[in-house]
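Accompanying notes for the structure given below.
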Amino acid sequence: MDNASRAALASLPKMDRVLEAGPLASLAVRRGIKRLAVDAVLGELRARLLAGESADVPDAEGMATQARARVDAWMTVRPRGVINATGVLLHTNLGRAPLGAQAVTAMIDAAGASELEIEMDSGARGSRLAWIRPLSRAVLGAQDVHVVNNNAAALLLACTVLGGQAGVALSRGQMVEIGDGFRVATMAGAGGCPVVAVGSTNRTHLRDYEAALEDGAAALLWVHLSNFRQQGYVAEVGLAELAALAKSRGVPLIADLGAGSLGEGLPPAEPTIQSYLDQGADLVLCSGDKLLGGPQAGLVAGRAELVERCRRHPMSRALRPDKVTLAALHATLVAHAADGVPDLPLHAMVAADPKDLAARAEALCKSLGWDPGCVRTAQATIGGGSLPGDTLPSVALAVPTGSVSRTARALRLGDPPVVGRIQDDTLLLDLRTVPPQSDAALLTALRAAQDPAKPA
Ligand SMILES: *Cc1c(COP(=O)(O)O)cnc(C)c1O
């Protein structure tokens with residue numbers, strides 16, 4: 001270390017002086033939190049000096065300003081809303097399905113004291129799910145429905161309860177890995193239920209399942225290939241055929257559907273909960289925040305006696321959803337119960353007419369003074385583990401910029417934050433995933449990102 005760095009290190013202001021400087025002193029936040037922020041700022045500066053980098057050493061006031069910025073960032077209400085201009089309707093990193101206004105209202109109503117577990121008629125203790133069960137049964141067309149935190153929880157619960165120590169049989173061709181390195185087979189077995197792999201990656205036959213049952217498997221598991229497709233020399237046993245086998249052997253068939261489409265207003269290629277039940281699945285599992293268009297939740301739908309066994313298992317207590325989640329789910333189910341296409345943001349995104357998207361894009365382009373060539377046709381995807389490879393025709397704005405990555409970052413860090421998609425070195429803002437009422441905010445964000453005062 002040179003003398004200048006040594007002198008700079010020695011001149012670093014002391015903690016107490018930084019805490020007492022104006023920017024931090026005026027902040028009504030616990031001292032321990034301010035201290036952590038100062039520690040972080042001081043620590044980084046010290047590390048740079050020790051590494052021999054030259055760095056300006058601020059005085060106590062300057063240091064307090066930097067620490068204050070950290071505390072402010074930590075304490076900003078998060079997660080902030082963003083404009084999803086990725087063209088991926090169910091974007092896992094952006095919170096999957098946007099909730100409908102009716103679901104948001106229901107969450108606010110339920111946030112205080114609510115009738116969560118009380119029978120209002122008698123005043124006796126009630127069940128947390130009693131008020132959601134009749135509607136969920138009716139909308140899903142199932143004998144009974146149980147609700148847990150997410151589909152992973154539904155899978156864990158159903159396999160633990162029905163597979164027990166003996167295990168569930170699952171085709172190697174259906175050993176799906178979902179996001180973030182999580183694998184369906186591992187989650188299914190996380191409660192101690194062995195997952196018996198049957199068949200090969202590309203071909204599984206009925207006799208493979210039969211052999212697993214003869215070896216003692218207590219249930220069959222079917223997993224929908226929600227995020228990939230197999231082609232070529234492939235064979236899998238159909239769901240109905242597997243259900244017939246399960247029935248003849250007296251074991252339950254659990255079917256992990258993933259996205260949980262109810263059909264109305266959604267691409268017909270995606271299997272529905274009803275179609276899985278009709279084909280003979282005893283329990284169908286799905287997410288609440290994929291094609292159902294609701295909050296993060298897991299639904300276990302099917303035969304009453306099996307659903308009841310899941311509900312009664314001690315694990316259910318650990319997997320139970322929060323009151324605001326249940327409120328949002330109920331409101332989402334109400335939207336599904338209404339005639340026609342449900343009035344939900346997901347369904348509006350699916351239904352958007354490319355002509356309307358083009359008109360919006362042209363209006364934005366004009367307001368921004370961009371070349372009309374910035375309006376491009378694009379391909380949106382549903383995402384969220386549904387319809388792999390399928391696209392919806394869409395329209396995007398190609399943002400004119402010298403630096404795609406810098407402009408994309410400026411938009412992400414803007415107010416409101418905008419997340420686009422980079423494709424072939426072009427920054428695209430796909431309007432299918434932007435609700436029309438956000439166009440004005442999008443325009444503001446684009447102007448700010450272009451503003452030379454705030455270089456993009
Ligand atoms: C998405 C998905 C899951 C996980 O659902 P979460 O609600 O995210 O826990 C499980 N299985 C399949 C087939 C899926 O597509």
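Every chain in the structure tokens takes a letter, A first, then B, and so on in the order presented; its residues are numbered from 1, and the ligands are numbered from 1 following the presented order.
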
Quiz item: Do you know which residues are within 6 Å of ligand 1 using only C-alpha atoms and all ligand atoms? Can you write them as a PyMOL selection string?
Solution: chain A and resi 150-152+223-224+226+256-259+287+298+385

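Close contacts of A:Gly199, defined as residues with an atom at most 12 Å away when counting only C-alpha atoms, with chain neighbours fewer than 3 positions off set aside, comprise Ala169, Leu170, Ser171, Arg172, Gly173, Gln174, Met175, Val196, Asn202, Arg203, Thr204, His205, Leu206, Arg207, Asp208, Tyr209, Glu210, Ala211, Ala212, Val234, Ala235, Glu236 and Val237 of chain A.
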
Export, as a PDB file, in the first residue's frame, the selected residues with C-alpha atoms.
ATOM      1  CA  ALA A 169     -44.244 -44.197  -9.859  1.00  0.00           C
ATOM      2  CA  LEU A 170     -43.259 -41.479 -12.341  1.00  0.00           C
ATOM      3  CA  SER A 171     -42.123 -41.823 -15.955  1.00  0.00           C
ATOM      4  CA  ARG A 172     -38.554 -40.734 -16.690  1.00  0.00           C
ATOM      5  CA  GLY A 173     -40.023 -38.845 -19.638  1.00  0.00           C
ATOM      6  CA  GLN A 174     -41.991 -36.652 -17.224  1.00  0.00           C
ATOM      7  CA  MET A 175     -39.210 -35.769 -14.813  1.00  0.00           C
ATOM      8  CA  VAL A 196     -39.893 -44.684  -8.476  1.00  0.00           C
ATOM      9  CA  ASN A 202     -38.083 -41.017 -24.509  1.00  0.00           C
ATOM     10  CA  ARG A 203     -40.311 -44.060 -24.125  1.00  0.00           C
ATOM     11  CA  THR A 204     -42.449 -45.293 -21.274  1.00  0.00           C
ATOM     12  CA  HIS A 205     -44.939 -48.141 -21.618  1.00  0.00           C
ATOM     13  CA  LEU A 206     -47.847 -49.386 -19.560  1.00  0.00           C
ATOM     14  CA  ARG A 207     -45.814 -52.437 -18.563  1.00  0.00           C
ATOM     15  CA  ASP A 208     -43.248 -50.115 -16.926  1.00  0.00           C
ATOM     16  CA  TYR A 209     -45.919 -48.717 -14.610  1.00  0.00           C
ATOM     17  CA  GLU A 210     -47.280 -52.234 -14.009  1.00  0.00           C
ATOM     18  CA  ALA A 211     -43.856 -53.401 -12.908  1.00  0.00           C
ATOM     19  CA  ALA A 212     -43.533 -50.486 -10.479  1.00  0.00           C
ATOM     20  CA  VAL A 234     -41.082 -41.179 -28.234  1.00  0.00           C
ATOM     21  CA  ALA A 235     -43.929 -42.978 -26.514  1.00  0.00           C
ATOM     22  CA  GLU A 236     -45.816 -42.194 -23.376  1.00  0.00           C
ATOM     23  CA  VAL A 237     -48.862 -43.761 -21.818  1.00  0.00           C
TER      24      VAL A 237
END

Quiz item: DSSP on the backbone: what in stretch 43-218 of chain A comes out helix (DSSP H, G or I), as a ChimeraX atom specification?
Solution: /A:43-50,60-75,92-94,101-111,133-140,151-163,172-174,179-181,184-189,206-214

Restricting the output to C-alpha atoms, write the selected residues as a CSV table (one decimal), in the first residue's frame.
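selection.csv was written with the following content:
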chain,number,residue,atom,x,y,z
A,43,GLY,CA,-16.2,-1.3,4.4
A,44,GLU,CA,-16.3,-0.8,0.7
A,45,LEU,CA,-14.2,2.3,0.8
A,46,ARG,CA,-11.6,0.6,3.1
A,47,ALA,CA,-11.5,-2.4,0.7
A,48,ARG,CA,-10.8,-0.2,-2.3
A,49,LEU,CA,-8.0,1.6,-0.5
A,50,LEU,CA,-6.5,-1.6,0.7
A,60,ALA,CA,-18.4,12.6,7.8
A,61,GLU,CA,-21.2,14.5,6.1
A,62,GLY,CA,-20.5,12.9,2.7
A,63,MET,CA,-20.3,9.5,4.2
A,64,ALA,CA,-23.6,10.0,6.0
A,65,THR,CA,-25.2,11.0,2.7
A,66,GLN,CA,-24.1,7.8,1.1
A,67,ALA,CA,-25.2,5.7,4.1
A,68,ARG,CA,-28.6,7.5,4.1
A,69,ALA,CA,-29.1,6.6,0.4
A,70,ARG,CA,-28.7,2.9,1.4
A,71,VAL,CA,-31.1,3.1,4.3
A,72,ASP,CA,-33.6,4.9,2.0
A,73,ALA,CA,-33.2,2.1,-0.6
A,74,TRP,CA,-33.6,-0.6,2.1
A,75,MET,CA,-36.8,1.0,3.3
A,92,THR,CA,-42.0,-15.8,-13.2
A,93,ASN,CA,-39.4,-13.1,-12.4
A,94,LEU,CA,-42.1,-10.5,-12.6
A,101,ALA,CA,-58.8,-5.5,-9.5
A,102,GLN,CA,-61.4,-7.6,-7.7
A,103,ALA,CA,-58.7,-9.8,-6.2
A,104,VAL,CA,-56.8,-6.7,-5.0
A,105,THR,CA,-59.9,-5.3,-3.4
A,106,ALA,CA,-60.6,-8.7,-1.7
A,107,MET,CA,-57.0,-8.8,-0.3
A,108,ILE,CA,-57.5,-5.3,1.2
A,109,ASP,CA,-60.8,-6.4,2.8
A,110,ALA,CA,-59.2,-9.5,4.3
A,111,ALA,CA,-56.1,-7.7,5.5
A,133,ARG,CA,-64.7,-24.7,-1.0
A,134,PRO,CA,-68.2,-24.6,-2.5
A,135,LEU,CA,-67.1,-22.1,-5.3
A,136,SER,CA,-63.8,-23.8,-5.9
A,137,ARG,CA,-65.6,-27.2,-6.3
A,138,ALA,CA,-68.1,-25.7,-8.7
A,139,VAL,CA,-65.6,-23.7,-10.8
A,140,LEU,CA,-63.1,-26.6,-11.0
A,151,ASN,CA,-48.2,-26.2,-6.7
A,152,ALA,CA,-44.9,-27.5,-5.3
A,153,ALA,CA,-46.6,-27.7,-1.9
A,154,ALA,CA,-49.6,-29.5,-3.6
A,155,LEU,CA,-47.2,-32.0,-5.1
A,156,LEU,CA,-45.3,-32.6,-1.9
A,157,LEU,CA,-48.5,-33.1,0.1
A,158,ALA,CA,-50.3,-35.3,-2.4
A,159,CYS,CA,-47.2,-37.6,-2.8
A,160,THR,CA,-46.5,-37.7,0.9
A,161,VAL,CA,-50.1,-38.6,1.7
A,162,LEU,CA,-50.8,-41.0,-1.1
A,163,GLY,CA,-47.4,-42.4,-1.8
A,172,ARG,CA,-38.6,-40.7,-16.7
A,173,GLY,CA,-40.0,-38.8,-19.6
A,174,GLN,CA,-42.0,-36.7,-17.2
A,179,GLY,CA,-37.4,-22.9,-12.8
A,180,ASP,CA,-34.4,-22.2,-10.5
A,181,GLY,CA,-33.2,-25.8,-10.6
A,184,VAL,CA,-40.7,-32.2,-9.9
A,185,ALA,CA,-39.4,-35.6,-8.9
A,186,THR,CA,-37.3,-34.2,-6.1
A,187,MET,CA,-40.1,-32.1,-4.8
A,188,ALA,CA,-42.5,-35.0,-4.9
A,189,GLY,CA,-40.1,-37.0,-2.8
A,206,LEU,CA,-47.8,-49.4,-19.6
A,207,ARG,CA,-45.8,-52.4,-18.6
A,208,ASP,CA,-43.2,-50.1,-16.9
A,209,TYR,CA,-45.9,-48.7,-14.6
A,210,GLU,CA,-47.3,-52.2,-14.0
A,211,ALA,CA,-43.9,-53.4,-12.9
A,212,ALA,CA,-43.5,-50.5,-10.5
A,213,LEU,CA,-46.9,-51.3,-9.0
A,214,GLU,CA,-45.9,-55.0,-8.7

Exercise. Quick one: everything within 8 Å of A:Gly126, counting only C-alpha atoms, minus sequence neighbours fewer than 4 positions away in the same chain. Send it as a VMD selection string.
Key: chain A and resid 116 to 119 130

Those same residues, written as a compact mmCIF listing (two decimals), in the first residue's frame with N, CA, C and O atoms?
# COMPACT_ATOMS: atom_id res chain seq x y z
N LEU A 116 -62.14 -15.24 8.61
CA LEU A 116 -61.33 -16.32 8.08
C LEU A 116 -61.73 -17.69 8.62
O LEU A 116 -61.89 -18.65 7.86
N GLU A 117 -61.87 -17.81 9.92
CA GLU A 117 -62.11 -19.12 10.53
C GLU A 117 -63.24 -19.06 11.53
O GLU A 117 -63.13 -19.59 12.63
N ILE A 118 -64.30 -18.37 11.19
CA ILE A 118 -65.43 -18.30 12.11
C ILE A 118 -66.71 -18.54 11.32
O ILE A 118 -66.85 -18.09 10.18
N GLU A 119 -67.61 -19.31 11.92
CA GLU A 119 -68.93 -19.48 11.31
C GLU A 119 -69.78 -18.34 11.82
O GLU A 119 -70.11 -18.29 13.00
N ALA A 130 -63.59 -23.18 4.49
CA ALA A 130 -65.01 -23.50 4.30
C ALA A 130 -65.68 -22.56 3.30
O ALA A 130 -66.48 -22.99 2.48

Quiz item: Mind pulling up the distance from atom CA of A:Ala352 to atom CA of A:Thr391?
Solution: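 Calculated distance between atom CA of A:Thr391 and atom CA of A:Ala352 is 13.3 Å.
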